[in-house]
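Chemist: If you scroll down you'll find the structure; I have some questions about it.
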Amino acid sequence: MKEEKEFLNQYITKNEPCILALSGGPDSMCLLHLLMDIGAHVICVHINHGTRPSCDKEYEFIKKYLEKYKIPLEYAKITSYKNNKFTEEEARKFRYQKFQEVMEKYHAKYLLTAHHGDDLTETILMRILRGSTLEGYAGIKRVSNWNQQILLRPLLTRKKQEIYEYLEEHKIPYVEDETNKLDNQMRNRIRHHILPQLEKETPAYHLKMLQFSETLQEKNELIHEVIEQLRTKIEIDHRIKCKEFQKLSVNMQTAYLEQYLKEIYQEELGYLEKKHIELFRKTINNKRDSIAVDFPKNYILMKQYGWCYLKRKEKMDTFYIKLEEEVTLPNGDMVKKIPEYTEKSNFEIHLSSKKITLPLYLTTRKNGMKMAVKNLEGHKKVNDILTDKKIPKEKRDQIPILVDQNGTVLWILGVSKSKYDVRNDENYDIIYKYIKKKGTVI
């Protein structure tokens, strides 16, 4: 492991703390030994996933071992999972949140994980079989930026067998996760059945995969530089100008969207496949100007008014709230009664109690709702008003509407007022102001 020690010495100094994700398995125990060997100031983090009876035993093993060498241990246990079902995504989020907390506590710059060459090979093969982006096909990096810190994976140059040999040579104890022997996961099946065949064909397959990964990463960085130069013309606040995007070649469109999706999905990028990128590309190039498409992980792809963008689906429960002196809506916006006229905008309404039926209520849009728009003849559907005002489809059910006891629509807050809004020089005795929560827009 001479090369790995030289790699570590490029980054780790004896007086600077570094954080090691320690499971107690052969890989992380090997990396711990390497760090101890170079005299690193290491702090270990162990996460008990609580999924097996042996998890508690693994913690006791780690605790005892680290106490022997006076190495600090930060410990956390996952006591429950959403819907009482383990998911790797939820566990991973928990782990990296804990890593971040520990790094901040010790003011550490480096986080180390014990991913090795077989892990990289398995990841690349899985993504090839499932489909991914260029960055996804590259797998995991030996050095990468993470939350303004640096993530190091020194063992990507080693196969699992080499790690076992190192442990045996230095008589380093470890524990084994018994679920690794099962064939119930794609990663395990690749490990048990495909890697042995690669070993027969090319014993240095892991180094070939590392070289492949680094080549893809280099090409991806070049593409990223080109895309960054294009962004000022094509994109504003993660909203893509369809006409500008359509001027790009098909290959550049695909590369652009890969980068766009990476920034949106971040750690959830693995949930995307090639088909999602192609769907995104075709949506932007579609002649239709109003399209909504569901995307993985509760995202929605929106195209309207010449723009296309991806965003989280926002859920806001329907409500019907009696309007008092002051009301705070479920999304944090506020409607407040004020003593005098302050502005003419759609964020303030002035009513005469003689022309409406009290009490007043705040509610959400319902099918068929109509309003007698101020300065217009007749009634107009609320949905048509929102469309004319270019309110995105996904926001229309979130905009509060003021009605009276009879259900008469008086005000679409922040958007439009009805004929019941009274001029400043007329008689009115009710004034309400709509105050958006800081940082939000209609």
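Just remember, in the structure tokens the first chain shown is A, the second B, etc., residues are 1-based per chain, and ligands are 1-based in the order shown.
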Would you return as number ranges by chain the members of region 52-254 of chain A that DSSP assigns to helix (DSSP H, G or I) on this structure's backbone?
Modeler: A: 54-68, 82-84, 88-106, 117-130, 134-137, 154-157, 160-169, 178-181, 186-201, 205-234, 242-245, 250-254
Chemist: Report as a tab-separated table the residues of region 160-230 of chain A within 10 Å of region 237-257 of chain A, each with its shortest atom pair and distance in Å (one decimal), using only C-alpha atoms, ordered by chain and increasing residue number.
Modeler:
```
residue	atom	partner	partner_atom	distance
A:Asn220	CA	A:Ala255	CA	8.8
A:Ile223	CA	A:Ala255	CA	7.3
A:His224	CA	A:Tyr256	CA	8.2
A:Val226	CA	A:Tyr256	CA	9.2
A:Ile227	CA	A:Tyr256	CA	6.2
A:Glu228	CA	A:Tyr256	CA	9.2
A:Leu230	CA	A:Tyr256	CA	9.0
```
Chemist: Could you save those same residues with all heavy atoms as an mmCIF file, in the first residue's frame?
Modeler:
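In the end it all went to out-v1.cif:
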```cif
data_model
loop_
_atom_site.group_PDB
_atom_site.id
_atom_site.type_symbol
_atom_site.label_atom_id
_atom_site.label_comp_id
_atom_site.auth_asym_id
_atom_site.auth_seq_id
_atom_site.Cartn_x
_atom_site.Cartn_y
_atom_site.Cartn_z
ATOM 1 N N ASN A 220 -15.828 15.135 -19.424
ATOM 2 C CA ASN A 220 -16.995 15.792 -18.839
ATOM 3 C C ASN A 220 -16.655 17.208 -18.363
ATOM 4 O O ASN A 220 -17.460 18.126 -18.499
ATOM 5 C CB ASN A 220 -17.534 14.960 -17.678
ATOM 6 C CG ASN A 220 -18.892 15.431 -17.215
ATOM 7 O OD1 ASN A 220 -19.846 15.443 -17.979
ATOM 8 N ND2 ASN A 220 -18.989 15.828 -15.962
ATOM 9 N N ILE A 223 -16.531 19.500 -21.397
ATOM 10 C CA ILE A 223 -17.894 19.826 -21.829
ATOM 11 C C ILE A 223 -18.513 20.840 -20.863
ATOM 12 O O ILE A 223 -19.199 21.776 -21.286
ATOM 13 C CB ILE A 223 -18.749 18.551 -21.898
ATOM 14 C CG1 ILE A 223 -18.240 17.643 -23.026
ATOM 15 C CG2 ILE A 223 -20.225 18.881 -22.109
ATOM 16 C CD1 ILE A 223 -18.857 16.256 -23.024
ATOM 17 N N HIS A 224 -18.255 20.651 -19.591
ATOM 18 C CA HIS A 224 -18.790 21.562 -18.572
ATOM 19 C C HIS A 224 -18.312 22.994 -18.813
ATOM 20 O O HIS A 224 -19.083 23.955 -18.668
ATOM 21 C CB HIS A 224 -18.354 21.090 -17.185
ATOM 22 C CG HIS A 224 -18.797 21.978 -16.070
ATOM 23 N ND1 HIS A 224 -20.110 22.116 -15.695
ATOM 24 C CD2 HIS A 224 -18.093 22.802 -15.257
ATOM 25 C CE1 HIS A 224 -20.203 22.983 -14.698
ATOM 26 N NE2 HIS A 224 -18.987 23.411 -14.419
ATOM 27 N N VAL A 226 -17.506 24.387 -21.672
ATOM 28 C CA VAL A 226 -18.227 24.927 -22.833
ATOM 29 C C VAL A 226 -19.648 25.329 -22.439
ATOM 30 O O VAL A 226 -20.143 26.394 -22.819
ATOM 31 C CB VAL A 226 -18.260 23.893 -23.987
ATOM 32 C CG1 VAL A 226 -19.132 24.406 -25.133
ATOM 33 C CG2 VAL A 226 -16.850 23.590 -24.475
ATOM 34 N N ILE A 227 -20.292 24.462 -21.657
ATOM 35 C CA ILE A 227 -21.673 24.725 -21.242
ATOM 36 C C ILE A 227 -21.762 25.975 -20.375
ATOM 37 O O ILE A 227 -22.686 26.781 -20.517
ATOM 38 C CB ILE A 227 -22.253 23.499 -20.507
ATOM 39 C CG1 ILE A 227 -22.496 22.365 -21.521
ATOM 40 C CG2 ILE A 227 -23.546 23.848 -19.778
ATOM 41 C CD1 ILE A 227 -22.853 21.054 -20.903
ATOM 42 N N GLU A 228 -20.804 26.167 -19.492
ATOM 43 C CA GLU A 228 -20.803 27.350 -18.634
ATOM 44 C C GLU A 228 -20.740 28.629 -19.462
ATOM 45 O O GLU A 228 -21.328 29.653 -19.096
ATOM 46 C CB GLU A 228 -19.626 27.292 -17.652
ATOM 47 C CG GLU A 228 -19.828 26.326 -16.502
ATOM 48 C CD GLU A 228 -21.080 26.642 -15.694
ATOM 49 O OE1 GLU A 228 -21.212 27.780 -15.211
ATOM 50 O OE2 GLU A 228 -21.948 25.753 -15.562
ATOM 51 N N LEU A 230 -22.090 28.956 -22.372
ATOM 52 C CA LEU A 230 -23.375 29.088 -23.050
ATOM 53 C C LEU A 230 -24.495 29.551 -22.118
ATOM 54 O O LEU A 230 -25.484 30.119 -22.559
ATOM 55 C CB LEU A 230 -23.789 27.749 -23.671
ATOM 56 C CG LEU A 230 -22.967 27.233 -24.858
ATOM 57 C CD1 LEU A 230 -23.374 25.799 -25.171
ATOM 58 C CD2 LEU A 230 -23.193 28.120 -26.078
#
```
Chemist: Write out as JSON, numbers by chain the residues lying within 12 Å of Phe7 (chain A), counting only C-alpha atoms and excluding same-chain residues fewer than 4 positions away.
Modeler: {"A": [1, 2, 3, 11, 12, 13, 34, 35, 38, 142, 143, 152, 153, 154, 155, 156, 157]}
Chemist: Write down as a PyMOL selection string the residues of region 203-350 of chain A whose backbone DSSP state falls under strand (DSSP E).
Modeler: chain A and resi 235-236+239-241+291-295+299-304+307-312+320-322+326-328+334-337+348-350
Chemist: Within 12 Å of Lys311 (chain A), counting only C-alpha atoms, which residues qualify if same-chain residues fewer than 5 places away don't, as a ChimeraX atom specification?
Modeler: /A:237-239,260-261,263-265,292-303,392,394-395
Chemist: Suppose we keep N, CA, C and O atoms; can you now write the selection as an mmCIF file, in the first residue's frame?
Modeler:
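Wrote it out as part.cif, contents follow:
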```cif
data_model
loop_
_atom_site.group_PDB
_atom_site.id
_atom_site.type_symbol
_atom_site.label_atom_id
_atom_site.label_comp_id
_atom_site.auth_asym_id
_atom_site.auth_seq_id
_atom_site.Cartn_x
_atom_site.Cartn_y
_atom_site.Cartn_z
ATOM 1 N N ASP A 237 -31.862 31.606 -13.867
ATOM 2 C CA ASP A 237 -32.450 31.005 -12.658
ATOM 3 C C ASP A 237 -32.999 29.601 -12.928
ATOM 4 O O ASP A 237 -34.124 29.265 -12.537
ATOM 5 N N HIS A 238 -32.207 28.785 -13.604
ATOM 6 C CA HIS A 238 -32.568 27.391 -13.928
ATOM 7 C C HIS A 238 -33.766 27.283 -14.871
ATOM 8 O O HIS A 238 -34.363 26.225 -14.999
ATOM 9 N N ARG A 239 -34.106 28.370 -15.551
ATOM 10 C CA ARG A 239 -35.162 28.354 -16.564
ATOM 11 C C ARG A 239 -34.493 28.484 -17.928
ATOM 12 O O ARG A 239 -33.765 29.440 -18.187
ATOM 13 N N TYR A 260 -27.356 20.283 -16.530
ATOM 14 C CA TYR A 260 -28.500 20.919 -15.875
ATOM 15 C C TYR A 260 -29.112 19.975 -14.838
ATOM 16 O O TYR A 260 -29.367 20.355 -13.692
ATOM 17 N N LEU A 261 -29.328 18.726 -15.237
ATOM 18 C CA LEU A 261 -29.956 17.749 -14.345
ATOM 19 C C LEU A 261 -29.050 17.393 -13.174
ATOM 20 O O LEU A 261 -29.521 17.140 -12.068
ATOM 21 N N GLU A 263 -27.062 19.400 -11.611
ATOM 22 C CA GLU A 263 -27.156 20.464 -10.613
ATOM 23 C C GLU A 263 -28.491 20.433 -9.877
ATOM 24 O O GLU A 263 -28.563 20.782 -8.700
ATOM 25 N N ILE A 264 -29.547 20.003 -10.561
ATOM 26 C CA ILE A 264 -30.854 19.918 -9.919
ATOM 27 C C ILE A 264 -30.919 18.707 -8.987
ATOM 28 O O ILE A 264 -31.311 18.810 -7.820
ATOM 29 N N TYR A 265 -30.515 17.542 -9.495
ATOM 30 C CA TYR A 265 -30.680 16.291 -8.734
ATOM 31 C C TYR A 265 -29.561 16.047 -7.729
ATOM 32 O O TYR A 265 -29.777 15.390 -6.711
ATOM 33 N N ALA A 292 -46.462 19.630 -19.332
ATOM 34 C CA ALA A 292 -46.051 19.266 -17.978
ATOM 35 C C ALA A 292 -45.795 17.763 -17.953
ATOM 36 O O ALA A 292 -46.649 16.980 -18.361
ATOM 37 N N VAL A 293 -44.604 17.350 -17.492
ATOM 38 C CA VAL A 293 -44.214 15.937 -17.496
ATOM 39 C C VAL A 293 -43.644 15.567 -16.132
ATOM 40 O O VAL A 293 -42.796 16.285 -15.593
ATOM 41 N N ASP A 294 -44.101 14.459 -15.573
ATOM 42 C CA ASP A 294 -43.556 13.976 -14.299
ATOM 43 C C ASP A 294 -42.149 13.427 -14.501
ATOM 44 O O ASP A 294 -41.878 12.707 -15.465
ATOM 45 N N PHE A 295 -41.263 13.750 -13.554
ATOM 46 C CA PHE A 295 -39.891 13.243 -13.548
ATOM 47 C C PHE A 295 -39.644 12.533 -12.211
ATOM 48 O O PHE A 295 -40.394 12.735 -11.246
ATOM 49 N N PRO A 296 -38.590 11.690 -12.139
ATOM 50 C CA PRO A 296 -38.325 10.959 -10.883
ATOM 51 C C PRO A 296 -38.125 11.873 -9.679
ATOM 52 O O PRO A 296 -37.768 13.038 -9.813
ATOM 53 N N LYS A 297 -38.377 11.308 -8.503
ATOM 54 C CA LYS A 297 -38.141 11.943 -7.206
ATOM 55 C C LYS A 297 -38.976 13.202 -7.017
ATOM 56 O O LYS A 297 -38.523 14.218 -6.482
ATOM 57 N N ASN A 298 -40.240 13.138 -7.456
ATOM 58 C CA ASN A 298 -41.209 14.199 -7.208
ATOM 59 C C ASN A 298 -40.859 15.517 -7.893
ATOM 60 O O ASN A 298 -41.159 16.598 -7.384
ATOM 61 N N TYR A 299 -40.217 15.422 -9.053
ATOM 62 C CA TYR A 299 -39.966 16.608 -9.873
ATOM 63 C C TYR A 299 -40.976 16.658 -11.010
ATOM 64 O O TYR A 299 -41.547 15.636 -11.401
ATOM 65 N N ILE A 300 -41.164 17.849 -11.550
ATOM 66 C CA ILE A 300 -42.034 18.028 -12.706
ATOM 67 C C ILE A 300 -41.325 18.912 -13.725
ATOM 68 O O ILE A 300 -40.694 19.909 -13.367
ATOM 69 N N LEU A 301 -41.373 18.495 -14.995
ATOM 70 C CA LEU A 301 -40.792 19.264 -16.088
ATOM 71 C C LEU A 301 -41.876 20.148 -16.684
ATOM 72 O O LEU A 301 -42.916 19.655 -17.123
ATOM 73 N N MET A 302 -41.647 21.456 -16.667
ATOM 74 C CA MET A 302 -42.634 22.419 -17.146
ATOM 75 C C MET A 302 -42.120 23.130 -18.384
ATOM 76 O O MET A 302 -40.961 23.544 -18.437
ATOM 77 N N LYS A 303 -42.993 23.270 -19.400
ATOM 78 C CA LYS A 303 -42.694 24.099 -20.554
ATOM 79 C C LYS A 303 -43.875 25.024 -20.802
ATOM 80 O O LYS A 303 -44.999 24.577 -20.991
ATOM 81 N N PRO A 392 -47.754 30.153 -13.850
ATOM 82 C CA PRO A 392 -47.486 28.755 -14.204
ATOM 83 C C PRO A 392 -48.559 27.805 -13.667
ATOM 84 O O PRO A 392 -49.126 28.037 -12.595
ATOM 85 N N GLU A 394 -48.439 24.964 -12.265
ATOM 86 C CA GLU A 394 -48.206 24.323 -10.976
ATOM 87 C C GLU A 394 -48.406 25.272 -9.800
ATOM 88 O O GLU A 394 -48.445 24.842 -8.642
ATOM 89 N N LYS A 395 -48.546 26.577 -10.075
ATOM 90 C CA LYS A 395 -48.743 27.549 -9.001
ATOM 91 C C LYS A 395 -50.204 27.986 -8.855
ATOM 92 O O LYS A 395 -50.568 28.631 -7.874
#
```
Chemist: For CA of Lys105 (chain A) and CA of Ile71 (chain A), determine how far apart the two atoms are, in Å to one decimal place.
Modeler: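 For CA of Lys105 (chain A) relative to CA of Ile71 (chain A), the distance reads 15.7 Å.
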Chemist: Pick out the residues sitting within 10 Å of Ile190 (chain A), and hand them over as a PyMOL selection string; count only C-alpha atoms, and ignore anything fewer than 4 positions along from it in its own chain.
Modeler: chain A and resi 118+121-123+125-126+183+185-186+194-196
Chemist: Show which residues sit within 9 Å of Thr133 (chain A), as a list of chain:residue names. Count only C-alpha atoms, and ignore same-chain residues fewer than 5 positions away.
Modeler: A:Arg127, A:Ala138, A:Ala255, A:Glu258, A:Gln259, A:Lys262, A:Leu269, A:Gly270, A:Leu272, A:Glu273, A:Lys274, A:Ile277
Chemist: Atoms to include: N, CA, C and O atoms. Write the selected residues as a PDB file, in the first residue's frame.
Modeler:
```pdb
ATOM      1  N   ARG A 127     -24.336   1.172 -13.830  1.00  0.00           N
ATOM      2  CA  ARG A 127     -24.857   2.337 -14.542  1.00  0.00           C
ATOM      3  C   ARG A 127     -24.901   2.104 -16.053  1.00  0.00           C
ATOM      4  O   ARG A 127     -25.776   2.633 -16.736  1.00  0.00           O
ATOM      5  N   ALA A 138     -19.022   7.579 -15.372  1.00  0.00           N
ATOM      6  CA  ALA A 138     -17.667   7.718 -14.832  1.00  0.00           C
ATOM      7  C   ALA A 138     -17.539   7.126 -13.434  1.00  0.00           C
ATOM      8  O   ALA A 138     -16.442   6.883 -12.948  1.00  0.00           O
ATOM      9  N   ALA A 255     -25.740  17.160 -23.857  1.00  0.00           N
ATOM     10  CA  ALA A 255     -24.700  17.452 -22.861  1.00  0.00           C
ATOM     11  C   ALA A 255     -25.151  18.569 -21.927  1.00  0.00           C
ATOM     12  O   ALA A 255     -24.906  18.517 -20.714  1.00  0.00           O
ATOM     13  N   GLU A 258     -27.610  17.161 -19.424  1.00  0.00           N
ATOM     14  CA  GLU A 258     -26.933  16.323 -18.425  1.00  0.00           C
ATOM     15  C   GLU A 258     -26.376  17.192 -17.303  1.00  0.00           C
ATOM     16  O   GLU A 258     -26.509  16.852 -16.117  1.00  0.00           O
ATOM     17  N   GLN A 259     -25.747  18.304 -17.669  1.00  0.00           N
ATOM     18  CA  GLN A 259     -25.191  19.207 -16.670  1.00  0.00           C
ATOM     19  C   GLN A 259     -26.297  19.880 -15.857  1.00  0.00           C
ATOM     20  O   GLN A 259     -26.218  20.015 -14.639  1.00  0.00           O
ATOM     21  N   LYS A 262     -27.763  17.379 -13.420  1.00  0.00           N
ATOM     22  CA  LYS A 262     -26.816  17.090 -12.335  1.00  0.00           C
ATOM     23  C   LYS A 262     -26.946  18.133 -11.226  1.00  0.00           C
ATOM     24  O   LYS A 262     -26.940  17.807 -10.033  1.00  0.00           O
ATOM     25  N   LEU A 269     -28.889  11.931  -8.623  1.00  0.00           N
ATOM     26  CA  LEU A 269     -28.691  11.822 -10.067  1.00  0.00           C
ATOM     27  C   LEU A 269     -28.841  10.388 -10.564  1.00  0.00           C
ATOM     28  O   LEU A 269     -29.256  10.151 -11.697  1.00  0.00           O
ATOM     29  N   GLY A 270     -28.521   9.418  -9.717  1.00  0.00           N
ATOM     30  CA  GLY A 270     -28.599   8.011 -10.114  1.00  0.00           C
ATOM     31  C   GLY A 270     -30.007   7.549 -10.473  1.00  0.00           C
ATOM     32  O   GLY A 270     -30.180   6.476 -11.065  1.00  0.00           O
ATOM     33  N   LEU A 272     -31.904   9.022 -12.557  1.00  0.00           N
ATOM     34  CA  LEU A 272     -32.175   9.399 -13.939  1.00  0.00           C
ATOM     35  C   LEU A 272     -31.552   8.414 -14.912  1.00  0.00           C
ATOM     36  O   LEU A 272     -30.479   7.861 -14.667  1.00  0.00           O
ATOM     37  N   GLU A 273     -32.229   8.216 -16.024  1.00  0.00           N
ATOM     38  CA  GLU A 273     -31.722   7.370 -17.097  1.00  0.00           C
ATOM     39  C   GLU A 273     -31.640   8.192 -18.378  1.00  0.00           C
ATOM     40  O   GLU A 273     -32.114   9.328 -18.435  1.00  0.00           O
ATOM     41  N   LYS A 274     -31.053   7.601 -19.410  1.00  0.00           N
ATOM     42  CA  LYS A 274     -30.909   8.287 -20.689  1.00  0.00           C
ATOM     43  C   LYS A 274     -32.265   8.737 -21.231  1.00  0.00           C
ATOM     44  O   LYS A 274     -32.386   9.809 -21.835  1.00  0.00           O
ATOM     45  N   ILE A 277     -33.313  12.249 -20.131  1.00  0.00           N
ATOM     46  CA  ILE A 277     -32.622  13.334 -20.820  1.00  0.00           C
ATOM     47  C   ILE A 277     -33.237  13.549 -22.198  1.00  0.00           C
ATOM     48  O   ILE A 277     -33.470  14.683 -22.630  1.00  0.00           O
TER      49      ILE A 277
END
```
Chemist: I need the residue nearest Lys160 (chain A) from this list: A:Asp421, A:Asp333, A:Asp27, A:Asp388. Use only C-alpha atoms for the distance.
Modeler: A:Asp27
Chemist: I want to know what sits within 12 Å of Asn406 (chain A), based on only C-alpha atoms, with residues of the same chain fewer than 4 positions away left out; could you give that as a VMD selection string?
Modeler: chain A and resid 355 to 361 402 410
Chemist: What gap, in Å, lies between CA of Gln197 (chain A) and CA of Leu134 (chain A)?
Modeler: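 Separation of CA of Gln197 (chain A) and CA of Leu134 (chain A): 25.6 Å.
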Chemist: Between A:Gly414, A:Pro203, A:Gly24, A:Gly139, single out the one closest to Ile172 (chain A), counting only C-alpha atoms.
Modeler: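 Of the candidates, the smallest distance to Ile172 (chain A) is held by A:Gly24.
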Chemist: Using only C-alpha atoms, can you tell me which of A:Arg52, A:Lys93, A:Lys287, A:His46 comes closest to Leu73 (chain A)?
Modeler: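 The shortest atom-to-atom distance to Leu73 (chain A) comes from A:His46.
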